[in-house]
>>> print(open('work-v4.txt').read())   # compact mmCIF, C-alpha atoms
# COMPACT_ATOMS: atom_id res chain seq x y z
CA MET A 1 194.47 195.85 55.50
CA VAL A 2 193.62 192.63 57.34
CA PHE A 3 190.75 192.03 54.89
CA LYS A 4 193.03 192.71 51.93
CA LYS A 5 195.54 190.17 53.18
CA TRP A 6 192.75 187.65 53.84
CA ARG A 7 191.33 188.27 50.37
CA HIS A 8 194.69 187.71 48.70
CA THR A 9 195.16 184.29 50.25
CA ARG A 10 192.05 182.68 48.77
CA PRO A 11 190.10 182.58 45.46
CA PHE A 12 187.96 185.58 46.44
CA PHE A 13 186.19 186.49 43.17
CA GLY A 14 185.64 182.87 42.15
CA ALA A 15 184.00 182.18 45.53
CA ILE A 16 181.83 185.33 45.34
CA LEU A 17 180.61 184.41 41.83
CA SER A 18 179.90 180.82 42.91
CA VAL A 19 177.83 181.96 45.92
CA LEU A 20 175.91 184.43 43.72
CA SER A 21 175.28 181.70 41.16
CA GLY A 22 173.98 179.32 43.85
CA LEU A 23 171.59 181.96 45.19
CA MET A 24 170.25 182.73 41.69
CA ILE A 25 169.66 179.02 41.05
CA LEU A 26 167.88 178.70 44.43
CA TRP A 27 165.61 181.65 43.59
CA VAL A 28 163.65 179.75 40.90
CA PRO A 29 162.53 176.70 42.96
CA LEU A 30 161.92 178.88 46.04
CA ASN A 31 159.43 180.91 43.99
CA LEU A 32 157.68 177.72 43.03
CA TYR A 33 157.41 176.55 46.62
CA LEU A 34 153.83 175.43 46.07
CA SER A 35 154.73 172.80 43.51
CA THR A 36 158.40 172.24 44.38
CA PHE A 37 157.43 169.74 47.06
CA LEU A 38 154.77 167.94 45.01
CA PRO A 39 155.61 164.24 44.67
CA GLY A 40 157.73 163.61 41.58
CA SER A 41 158.57 167.27 41.05
CA VAL A 42 161.98 167.88 39.47
CA ALA A 43 162.07 171.44 40.88
CA VAL A 44 163.30 169.99 44.17
CA ILE A 45 166.54 169.07 42.32
CA GLY A 46 166.97 172.81 41.74
CA LEU A 47 166.94 173.37 45.51
CA LEU A 48 169.60 170.71 45.93
CA PHE A 49 171.86 172.03 43.13
CA GLY A 50 171.47 175.69 44.20
CA GLY A 51 172.19 174.80 47.84
CA LEU A 52 175.27 172.73 46.94
CA ILE A 53 176.71 175.47 44.68
CA THR A 54 176.23 178.08 47.45
CA LEU A 55 177.93 175.69 49.88
CA MET A 56 180.87 175.05 47.50
CA GLY A 57 181.32 178.83 47.09
CA LEU A 58 181.38 179.34 50.85
CA MET A 59 183.74 176.38 51.35
CA SER A 60 186.25 177.80 48.87
CA PHE A 61 186.57 180.90 51.13
CA PHE A 62 187.71 178.72 54.02
CA LEU A 63 189.38 175.82 52.17
CA PRO A 64 191.37 177.60 49.46
CA SER A 65 193.64 174.59 48.99
CA ALA A 66 190.65 172.58 47.73
CA SER A 67 189.56 175.27 45.25
CA LYS A 68 190.48 173.22 42.17
CA ALA A 69 188.15 170.36 43.07
CA LEU A 70 185.42 172.73 44.34
CA GLY A 71 185.62 174.69 41.05
CA ILE A 72 185.10 171.58 38.95
CA ILE A 73 182.06 170.59 41.07
CA VAL A 74 180.61 174.13 40.80
CA ILE A 75 180.89 174.06 36.97
CA PHE A 76 179.33 170.59 36.82
CA LEU A 77 176.40 171.41 39.14
CA SER A 78 175.65 174.79 37.56
CA ILE A 79 175.31 173.16 34.13
CA LEU A 80 173.03 170.43 35.52
CA SER A 81 170.90 173.06 37.30
CA VAL A 82 169.36 173.92 33.92
CA ILE A 83 167.22 170.87 34.70
CA GLY A 84 164.86 171.65 37.57
CA ALA A 85 165.75 175.30 38.17
CA LEU A 86 166.25 176.62 34.63
CA GLY A 87 169.79 177.47 35.81
CA GLY A 88 168.54 180.61 37.56
CA PHE A 89 167.21 181.69 34.14
CA LEU A 90 170.69 180.81 32.76
CA PHE A 91 172.36 183.71 34.62
CA GLY A 92 173.07 181.37 37.53
CA THR A 93 174.60 178.80 35.18
CA ILE A 94 176.82 181.38 33.42
CA PHE A 95 177.95 182.88 36.77
CA GLY A 96 178.58 179.35 38.06
CA ILE A 97 180.73 178.40 35.05
CA ILE A 98 182.82 181.61 35.33
CA GLY A 99 183.10 181.29 39.15
CA GLY A 100 183.99 177.61 38.90
CA ALA A 101 186.63 178.32 36.22
CA LEU A 102 188.16 181.04 38.45
CA LEU A 103 188.24 178.61 41.38
CA THR A 104 189.84 175.89 39.23
CA ALA A 105 192.53 178.25 37.88
CA TRP A 106 193.43 179.80 41.24
CA ARG A 107 196.72 178.90 42.98
CA MET A 108 199.31 180.25 45.40
CA VAL A 109 202.75 180.87 43.95
CA PRO A 110 205.88 182.41 45.48
CA ALA A 111 205.72 186.18 44.90
CA ASP A 112 209.14 186.58 43.26
CA GLU A 113 208.47 183.70 40.89
CA SER A 114 205.19 185.14 39.67
CA ALA A 115 206.83 188.54 39.18
CA GLY A 116 209.83 187.15 37.33
CA ALA A 117 208.37 184.47 35.13
CA PRO A 118 206.16 185.59 32.24
CA VAL A 119 203.91 182.51 32.45
CA SER A 120 203.34 181.02 35.87
CA ASP A 121 202.88 177.44 34.74
CA THR A 122 206.46 177.27 33.45
CA ALA A 123 207.42 176.89 37.10
CA ALA A 124 205.80 173.48 37.09
CA GLN A 125 208.18 172.17 34.43
CA PRO A 126 211.44 170.61 35.58
CA ALA A 127 214.47 172.83 35.07
CA LYS A 128 216.76 171.84 32.23
CA THR A 129 220.20 170.78 33.41
CA GLY A 130 223.38 170.05 31.55
CA MET B 1 219.18 183.95 54.89
CA THR B 2 216.27 181.53 55.27
CA GLY B 3 213.34 184.03 55.32
CA ALA B 4 209.78 182.80 54.75
CA VAL B 5 208.77 182.68 51.09
CA VAL B 6 206.10 185.31 50.32
CA MET B 7 203.22 183.60 48.56
CA GLU B 8 200.94 185.37 46.13
CA SER B 9 197.46 184.59 44.87
CA LYS B 10 197.46 183.98 41.12
CA THR B 11 194.97 182.86 38.49
CA ASN B 12 196.36 180.63 35.79
CA LYS B 13 194.82 182.13 32.63
CA LYS B 14 195.34 179.00 30.57
CA VAL B 15 193.44 176.84 33.09
CA PHE B 16 190.74 179.53 33.48
CA TRP B 17 189.98 179.79 29.77
CA GLY B 18 190.19 176.00 29.41
CA ALA B 19 187.68 175.42 32.24
CA LEU B 20 185.39 178.20 30.94
CA ALA B 21 185.42 176.79 27.41
CA ALA B 22 184.75 173.25 28.67
CA GLY B 23 181.86 174.50 30.84
CA LEU B 24 180.25 176.51 28.05
CA LEU B 25 180.69 173.61 25.62
CA ALA B 26 178.97 171.22 28.04
CA LEU B 27 176.15 173.76 28.55
CA GLY B 28 175.81 174.14 24.78
CA ILE B 29 175.56 170.37 24.31
CA LEU B 30 172.88 170.16 27.02
CA LEU B 31 170.84 173.01 25.52
CA VAL B 32 171.16 171.63 21.97
CA SER B 33 169.98 168.22 23.19
CA PHE B 34 166.90 169.93 24.69
CA GLY B 35 166.38 171.80 21.43
CA VAL B 36 166.61 168.62 19.37
CA SER B 37 164.10 166.75 21.53
CA GLY B 38 161.90 169.87 21.98
CA VAL B 39 161.62 169.19 25.69
CA ALA B 40 161.85 171.92 28.33
CA TYR B 41 162.18 170.90 31.96
CA ALA B 42 160.28 172.44 34.90
CA VAL B 43 158.68 175.26 32.97
CA PRO B 44 156.90 177.79 35.17
CA ILE B 45 154.60 180.37 33.63
CA ALA B 46 153.95 181.79 37.08
CA GLY B 47 153.31 185.39 37.90
CA VAL B 48 151.88 186.07 34.44
CA GLY B 49 148.41 185.97 35.96
CA ASP B 50 144.99 185.94 34.33
CA PHE B 51 145.80 184.56 30.93
CA TYR B 52 143.76 182.26 28.71
CA VAL B 53 144.37 178.72 27.55
CA GLU B 54 142.35 177.41 24.60
CA PHE B 55 142.53 174.06 22.86
CA ASP B 56 140.49 171.67 20.71
CA LYS B 57 141.09 168.52 22.73
CA LEU B 58 142.88 167.42 25.89
CA GLU B 59 143.42 163.81 26.88
CA GLY B 60 144.92 163.24 30.32
CA GLU B 61 145.57 160.57 32.92
CA GLY B 62 145.58 160.88 36.70
CA TYR B 63 143.42 163.94 37.34
CA THR B 64 142.93 165.69 40.71
CA PHE B 65 141.01 168.86 41.43
CA TYR B 66 140.74 170.88 44.65
CA PRO B 67 139.72 174.45 45.48
CA LYS B 68 142.12 177.07 46.80
CA LEU B 69 142.69 180.78 47.30
CA GLY B 70 145.46 182.12 45.12
CA GLU B 71 147.18 185.20 43.84
CA THR B 72 146.29 186.93 40.57
CA SER B 73 147.80 189.97 38.87
CA SER B 74 145.05 192.16 40.34
CA SER B 75 144.38 190.56 43.75
CA ASP B 76 146.22 188.74 46.53
CA ALA B 77 143.50 186.16 47.16
CA THR B 78 140.96 185.02 44.57
CA PRO B 79 139.01 181.75 44.71
CA GLN B 80 140.46 179.31 42.22
CA GLY B 81 140.58 175.63 41.42
CA THR B 82 143.80 173.66 41.16
CA ASN B 83 143.93 170.97 38.47
CA ILE B 84 146.73 168.45 38.66
CA ILE B 85 147.17 166.07 35.73
CA GLU B 86 150.01 163.55 35.63
CA LYS B 87 150.28 163.03 31.89
CA LEU B 88 148.40 164.68 29.04
CA THR B 89 148.29 165.42 25.33
CA ILE B 90 146.70 168.61 23.95
CA ASP B 91 145.67 169.26 20.33
CA ASN B 92 145.81 172.78 18.90
CA LEU B 93 146.97 174.52 22.09
CA GLN B 94 146.85 178.31 22.34
CA LEU B 95 148.00 180.37 25.32
CA TYR B 96 147.44 184.11 25.28
CA LYS B 97 147.61 187.16 27.49
CA ASP B 98 146.38 190.68 26.69
CA PHE B 99 148.29 193.73 27.92
CA GLN B 100 147.14 197.33 27.81
CA VAL B 101 150.03 199.46 26.58
CA GLY B 102 149.07 203.13 26.49
CA GLY B 103 145.64 203.22 24.82
CA GLU B 104 146.15 200.02 22.85
CA TRP B 105 145.79 196.32 23.60
CA ILE B 106 148.57 193.91 22.72
CA ARG B 107 148.13 190.14 22.68
CA VAL B 108 151.08 187.82 23.32
CA LYS B 109 150.17 184.41 21.97
CA ILE B 110 151.93 181.06 22.06
CA GLN B 111 150.53 178.29 19.89
CA ALA B 112 151.59 174.81 18.90
CA SER B 113 150.56 173.38 15.55
CA LYS B 114 151.29 169.78 16.61
CA PRO B 115 150.02 167.84 19.66
CA VAL B 116 151.68 169.01 22.88
CA GLN B 117 152.80 166.42 25.43
CA ILE B 118 153.03 167.50 29.06
CA SER B 119 153.86 165.68 32.27
CA GLY B 120 153.39 166.91 35.83
CA LEU B 121 150.93 169.72 35.10
CA GLN B 122 149.64 172.03 37.79
CA HIS B 123 147.07 174.52 36.61
CA ASP B 124 145.17 177.08 38.72
CA ALA B 125 142.05 178.31 36.96
CA GLY B 126 139.32 180.82 37.72
CA LEU B 127 137.01 179.58 34.96
CA ILE B 128 136.83 176.38 32.93
CA GLU B 129 134.51 176.10 29.92
CA ALA B 130 134.65 172.78 28.08
CA ASN B 131 132.90 169.58 27.07
CA ALA B 132 134.23 167.14 29.64
CA LYS B 133 134.41 163.35 29.86
CA PHE B 134 135.76 161.51 32.90
CA GLN B 135 136.45 157.89 33.79
CA ASN B 136 136.26 156.63 37.39
CA LEU B 137 135.19 160.05 38.57
CA ALA B 138 135.12 160.38 42.36
CA LEU B 139 134.02 163.38 44.37
CA ALA B 140 134.97 163.16 48.01
CA GLU B 141 134.48 165.20 51.12
CA ASN B 142 137.16 165.05 53.77
CA ASN B 143 136.98 166.12 57.40
CA SER B 144 139.78 168.65 57.60
CA THR B 145 140.35 172.00 59.29
CA ASP B 146 142.02 173.19 56.06
CA TRP B 147 139.11 174.15 53.78
CA THR B 148 141.11 173.42 50.61
CA LYS B 149 141.34 169.77 51.68
CA GLN B 150 137.62 169.40 52.47
CA PHE B 151 136.63 168.69 48.88
CA GLN B 152 138.47 166.78 46.21
CA GLN B 153 137.62 165.46 42.79
CA THR B 154 139.67 162.71 41.16
CA SER B 155 139.43 160.65 38.00
CA SER B 156 141.65 158.15 36.22
CA THR B 157 141.22 159.85 32.83
CA ILE B 158 139.96 163.23 31.66
CA ILE B 159 138.97 164.40 28.17
CA LEU B 160 138.15 168.06 27.52
CA GLU B 161 136.98 169.33 24.14
CA ASP B 162 136.67 172.91 22.79
CA ALA B 163 137.94 174.32 26.06
CA LYS B 164 138.62 177.84 27.24
CA LEU B 165 140.32 178.25 30.62
CA LYS B 166 140.97 181.46 32.50
CA THR B 167 144.30 180.68 34.09
CA HIS B 168 146.22 182.23 36.97
CA TYR B 169 149.13 179.84 37.33
CA LEU B 170 150.60 177.15 35.16
CA PHE B 171 153.48 174.80 35.89
CA GLN B 172 154.77 171.87 33.86
CA GLU B 173 157.55 169.52 34.77
CA THR B 174 158.22 168.69 31.14
CA ILE B 175 156.55 170.03 28.02
CA ASN B 176 157.13 168.97 24.45
CA MET B 177 155.88 171.69 22.09
CA ALA B 178 156.61 170.72 18.51
CA GLY B 179 155.74 173.42 15.95
CA MET B 180 155.64 176.22 18.52
CA LYS B 181 154.95 179.78 17.39
CA LEU B 182 155.05 182.94 19.49
CA THR B 183 153.33 186.06 18.16
CA VAL B 184 152.80 189.56 19.53
CA GLU B 185 150.00 191.47 17.84
CA LYS B 186 147.73 194.47 18.29
CA ILE B 187 144.08 193.64 18.89
CA ASP B 188 140.78 195.53 19.03
CA LYS B 189 139.33 195.22 22.51
CA LYS B 190 136.59 197.34 23.96
>>> encode(input="work-v4.txt", output="structure tokens")
Amino acid sequence: MVFKKWRHTRPFFGAILSVLSGLMILWVPLNLYLSTFLPGSVAVIGLLFGGLITLMGLMSFFLPSASKALGIIVIFLSILSVIGALGGFLFGTIFGIIGGALLTAWRMVPADESAGAPVSDTAAQPAKTG
Amino acid sequence: MTGAVVMESKTNKKVFWGALAAGLLALGILLVSFGVSGVAYAVPIAGVGDFYVEFDKLEGEGYTFYPKLGETSSSDATPQGTNIIEKLTIDNLQLYKDFQVGGEWIRVKIQASKPVQISGLQHDAGLIEANAKFQNLALAENNSTDWTKQFQQTSSTIILEDAKLKTHYLFQETINMAGMKLTVEKIDKK
């Protein structure tokens, strides 16, 4: 029950997908460890991108209020990871884009509002008066 | 009553689909730009093990060779030589690997009809057969406890003609293969 409550107060699935994506992207340069650290190798960029995406995923568990910005960074980095890490053979990139989009779209809304209103973003519009 | 407002986690579908579409579009643009220029970045053909590289002519700059022990598809440690070339052009490149499937042999072959440009090549070979030309060739012995660092061969340029290389590992930072063709065919092999 405690876990369920914890899970419902943060972008859980977006964060899980982002962490998975980061690990997949890291897998490619880690398997090329022999040449990853050769001078001028672009595979080292893959390590950086994969590590940052994993970090962003973990951060969105603990900083749910920043999930919008973290989501945008995850999408951006997972696309760039095609260079240097082959985007975790593209699976990492696809997972990263979906995870990042989930993070970007996540928000907390009052429970009665989300139940009553058919579309949640109508709440953002000012109420018509007069 | 001024009770605390119960908050609920919600995903805005409009934003989700918008972000997903934007991400996929950006990925598409990046992949199309690679396709147009024919350049692939950081291409590993690792773990394939024991395949052959053949070509008519290779011209390269910044060549280094050193011995090492490396993995192959049939052994954990086989003596090999590592060739590192900074920049090279290869004419009539053919890469192939033979697999035994049931009682038959199948050859997977990649060939490029136009000159292939590669940068940042690392190539581990068990056998090199070629007509070779070097410029500023230096062979040096170093006093090191690591046996792979005890001998090194370097040259400013390398030209190999009519070459056949038994390869265990191949890595390119960028490769430009115009006119690439991949074929899978049955072969007669005794």
>>> closest_residue(input="work-v4.txt", among="B:Ala130, B:Val32, B:Leu27, B:Ala22", to="chain A", atoms="all atoms listed in the file")
B:Leu27
>>> atom_distance(input="work-v4.txt", atom1="atom CA of B:Gln80", atom2="atom CA of B:Thr148")
10.3 Å
>>> residues_near_point(input="work-v4.txt", point="(177.5, 175.1, 39.0)", cutoff="10 Å", atoms="only C-alpha atoms", output="NGL selection string")
(:A and (18-19 or 21-22 or 25 or 49-50 or 52-54 or 56-57 or 70-82 or 87 or 92-100)) or (:B and (23))
>>> interface_residues(input="work-v4.txt", of="chain A", to="chain B", cutoff="6 Å", atoms="all atoms listed in the file", output="ChimeraX atom specification")
/A:8-9,79,83-84,97,101-102,105-111
>>> atom_distance(input="work-v4.txt", atom1="atom CA of B:Phe34", atom2="atom CA of B:Ser119")
15.7 Å
>>> closest_residue(input="work-v4.txt", among="A:Leu86, A:Val2, A:Ala15, A:Leu47", to="A:Phe62", atoms="all atoms listed in the file")
A:Ala15
>>> atom_distance(input="work-v4.txt", atom1="atom CA of B:Lys133", atom2="atom CA of B:Thr154")
12.5 Å
>>> closest_residue(input="work-v4.txt", among="B:Leu88, B:Leu95, B:Ala125, B:Ala138", to="B:Ile110", atoms="only C-alpha atoms")
B:Leu95
>>> closest_residue(input="work-v4.txt", among="A:Leu26, A:Leu48, A:Met59, A:Leu103", to="A:Pro11", atoms="all atoms listed in the file")
A:Leu103
>>> closest_residue(input="work-v4.txt", among="B:Asn136, B:Gln94, B:Ser155, B:Gln150", to="B:Lys68", atoms="all atoms listed in the file")
B:Gln150
>>> residues_around(input="work-v4.txt", residues="B:Asp146", least_positions_apart="5", cutoff="12 Å", atoms="all atoms listed in the file", output="PDB file with C-alpha atoms, in the frame of the given file")
ATOM      1  CA  TYR B  66     140.740 170.880  44.650  1.00  0.00           C
ATOM      2  CA  PRO B  67     139.720 174.450  45.480  1.00  0.00           C
ATOM      3  CA  LYS B  68     142.120 177.070  46.800  1.00  0.00           C
ATOM      4  CA  LEU B  69     142.690 180.780  47.300  1.00  0.00           C
ATOM      5  CA  PHE B 151     136.630 168.690  48.880  1.00  0.00           C
TER       6      PHE B 151
END
>>> closest_residue(input="work-v4.txt", among="B:Lys109, B:Lys97, B:Lys87, B:Lys149", to="B:Met180", atoms="all atoms listed in the file")
B:Lys109
>>> residues_around(input="work-v4.txt", residues="B:Phe55", least_positions_apart="2", cutoff="9 Å", atoms="all atoms listed in the file", output="MDAnalysis selection string")
chainID B and resid 53 57:58 90:95 160:164
